[in-house]
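What follows is a single structure, written as structure tokens, with notes after it.
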Amino acid sequence: MRVRSGTVKSVGGDPLDVGVSLEAAPSVVFDAMVLPDGAAAVERLGADGRTLEFLKDQYRHCKPILVLGASASLLEKAGIPPKLPDGKADRGLIVAAAGKGKAALDSFVSALAGHRTFERESDPPIV
């Protein structure tokens with residue numbers, strides 16, 4: 001995967017500014033992570049060990065993670081459980097099925113406001 005910064009086009013054609021890529025900065029400096037939908041994107045991300053390690057680190061650091069559509073398969077590939085260690089729902093791990101973007105976005109914003117989901121912590125880490 002080629003590291004890119006600058007501006008990229010979104011699916012809708014709108015420009016998005018990329019300040020730094022996940023290959024160039026550690027996950028701890030990011031407040032959250034959004035995993036994209038789309039089979040091609042998920043396949044490419046899932047084949048890159050840096051992406052999976054970044055995802056694991058976001059989980060370990062209790063950061064909010066928004067998972068859109070097909071990217072749910074990346075959670076399994078990274079070994080991230082769908083629930084907290086005590087079996088309860090993880091308020092910081094938001095998995096959005098197709099067509100549920102608005103509700104998922106609201107949950108993600110709420111998780112961002114809470115900063116971290118410390119209920120994920122375990123010693124040793126489960127992921």
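Residues are named by chain letter and number: chains run A, B, ... in the order of the structure tokens, numbers start at 1 in each chain, and ligands are numbered from 1 in the order shown.
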(Q) Neighbouring residues of Ala111 (chain A) were defined as those with any atom within 7 Å, considering only C-alpha atoms; residues of the same chain fewer than 2 positions away were excluded. Please report them as a list in words. (A) Pro64, Arg91, Gly92, Ser107, Phe108, Val109, Ala113, Gly114 and His115 of chain A
Expected file: the selected residues, C-alpha atoms, as a PDB file, in the first residue's frame:
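Here's the written file result15.pdb:
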```pdb
ATOM      1  CA  PRO A  64     -13.617   4.671  19.494  1.00  0.00           C
ATOM      2  CA  ARG A  91     -20.068   1.525  23.356  1.00  0.00           C
ATOM      3  CA  GLY A  92     -16.794   2.489  21.625  1.00  0.00           C
ATOM      4  CA  SER A 107     -23.155   6.645  18.475  1.00  0.00           C
ATOM      5  CA  PHE A 108     -19.649   7.339  17.189  1.00  0.00           C
ATOM      6  CA  VAL A 109     -19.874  11.041  18.094  1.00  0.00           C
ATOM      7  CA  ALA A 113     -17.139  12.678  23.470  1.00  0.00           C
ATOM      8  CA  GLY A 114     -16.405   9.959  26.047  1.00  0.00           C
ATOM      9  CA  HIS A 115     -12.834   9.774  24.713  1.00  0.00           C
TER      10      HIS A 115
END
```
**Q.** region 44-49 of chain A surroundings by only C-alpha atoms, 8 Å radius, close-in-sequence under 4 positions cut, as a ChimeraX atom specification
**A.** /A:1,40,53,74,77
Q) Which is closer to Ala32 (chain A) than all the others in A:Ala104, A:His61, A:Ser5, A:Pro81, using only C-alpha atoms? A) A:His61
Q: Go ahead and compute the interatomic distance for CA of Asp86 (chain A) and CA of Arg120 (chain A), in Å to one decimal.
A: 8.9 Å
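Residue nearest Ser27 (chain A) within the list A:Tyr59, A:Asp14, A:Thr7, A:Ala97: A:Tyr59 [criterion: smallest interatomic distance, only C-alpha atoms].
Across the structure, CA of Leu52 (chain A) and CA of Ala78 (chain A) are spaced 5.5 Å apart.
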Q. Contacts of Lys83 (chain A) at 12 Å or less, counting only C-alpha atoms, minus same-chain residues fewer than 3 places along, as a PyMOL selection string?
A. chain A and resi 59+75-76+79-80+86-95+117+119-120+126
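Within region 6-57 of chain A, DSSP run on the backbone puts these residues in helix (DSSP H, G or I): Ser27, Val28, Val29, Ala39, Ala40, Ala41, Val42, Glu43, Arg44, Leu45, Gly46, Gly49, Arg50, Thr51, Leu52, Glu53, Phe54, Leu55, Lys56 and Asp57 of chain A.
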Q: Could you tell me, as a ChimeraX atom specification, which residues of region 65-96 of chain A DSSP assigns to strand (DSSP E or B) when given the backbone?
A: /A:65-68,83,89,93-96
Once you have the residues from the selection above, write them out as a PDB file, in the first residue's frame, restricted to C-alpha atoms.
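After the write, again-v3.pdb holds the following:
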```pdb
ATOM      1  CA  ILE A  65     -13.840   2.643  16.291  1.00  0.00           C
ATOM      2  CA  LEU A  66     -16.566   3.105  13.663  1.00  0.00           C
ATOM      3  CA  VAL A  67     -16.911   0.074  11.409  1.00  0.00           C
ATOM      4  CA  LEU A  68     -18.833   0.619   8.178  1.00  0.00           C
ATOM      5  CA  LYS A  83     -18.262  -7.399  22.941  1.00  0.00           C
ATOM      6  CA  ALA A  89     -21.850  -4.228  24.434  1.00  0.00           C
ATOM      7  CA  LEU A  93     -17.005  -0.175  18.916  1.00  0.00           C
ATOM      8  CA  ILE A  94     -19.766   0.897  16.565  1.00  0.00           C
ATOM      9  CA  VAL A  95     -20.561  -1.511  13.735  1.00  0.00           C
ATOM     10  CA  ALA A  96     -22.852   0.024  11.120  1.00  0.00           C
TER      11      ALA A  96
END
```
